[in-house]
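Note sheet for the following structure.
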Amino acid sequence: MEIISRKDAKVLGLKRYYTGKACPNGHMAERYVSGSGCSSCVKERSKHSKNKKSFKEYTREYNKKYKNNLSKSNPHYVTQSAELYYTMHKKEILKRQKEYRNKNKNEINAKARERHRLAKQEKNPT
Ligand SMILES: [Zn+2]
C-alpha cells in the first residue's frame, strides 16, 4: 500500500488513504477518507454485527425447538413447575411481594395514578 495523506487522497478523489500508522486497534490498514475509519475496523465491526444477528436467530430457533420438544413431551411442565415453585415458596413469595410493595409504596402509587391518568386521557382526548 502506498502512503498517502487524507488530504492528498481527497484531492485525488480517492475513497481511502493510508498513513502507514496503525489504527487504535493496531491494524495496518487503509482508512476511509469519509469518517477516517480504519477499513479493517469497519470490516470487523460488520462481521461482529452479523455474528450477533445469527447468534440471536440461533438462540430463537433453539428456544423454539426446545419449547416445542418440552411441550410435546410434557405440555404441563412449564406451568407445573411454576405452580410447584409457588406452592413450595408461597410464604416467602408473598412476604417478598409485601416487602417490595411497602418499600416502593410511593413509587407504585405514583405509577398507578399516572396509568390511571393516561387511561382517562385516552378515553377523553382533549
Ligand atoms: Zn483498525
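Lettering and numbering for the C-alpha cells are positional, with chains as A, B, ... in the shown order, residues counted from 1 in each chain, and ligands counted from 1 in the shown order.
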List the neighbours of range 17-29 of chain A out to 12 Å using only C-alpha atoms; skip same-chain residues closer than 3 positions along the sequence, and give me the result as a ChimeraX atom specification. /A:1-14,32-45
Expected answer as a PyMOL selection string: alpha helix (DSSP H) residues in chain A: chain A and resi 6-12+39-73+77-88+90-103+105-123
Can you check which residues of chain A DSSP gives as strand (DSSP E) on the backbone and send them as a VMD selection string? chain A and resid 16 to 17 31 to 32
Residues from the last selection, C-alpha atoms, saved as an mmCIF file, in the first residue's frame:
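Produced file selection_12.cif, reproduced below:
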```
data_model
loop_
_atom_site.group_PDB
_atom_site.id
_atom_site.type_symbol
_atom_site.label_atom_id
_atom_site.label_comp_id
_atom_site.auth_asym_id
_atom_site.auth_seq_id
_atom_site.Cartn_x
_atom_site.Cartn_y
_atom_site.Cartn_z
ATOM 1 C CA ARG A 16 -9.300 5.550 1.038
ATOM 2 C CA TYR A 17 -5.942 6.731 2.262
ATOM 3 C CA ARG A 31 -8.625 4.342 6.270
ATOM 4 C CA TYR A 32 -11.712 5.804 4.730
#
```
Give me, please, the distance in Å between CA of Ile108 in chain A and CA of Gln121 in chain A, quoted to one decimal.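 Here the two named atoms are 19.8 Å from each other.
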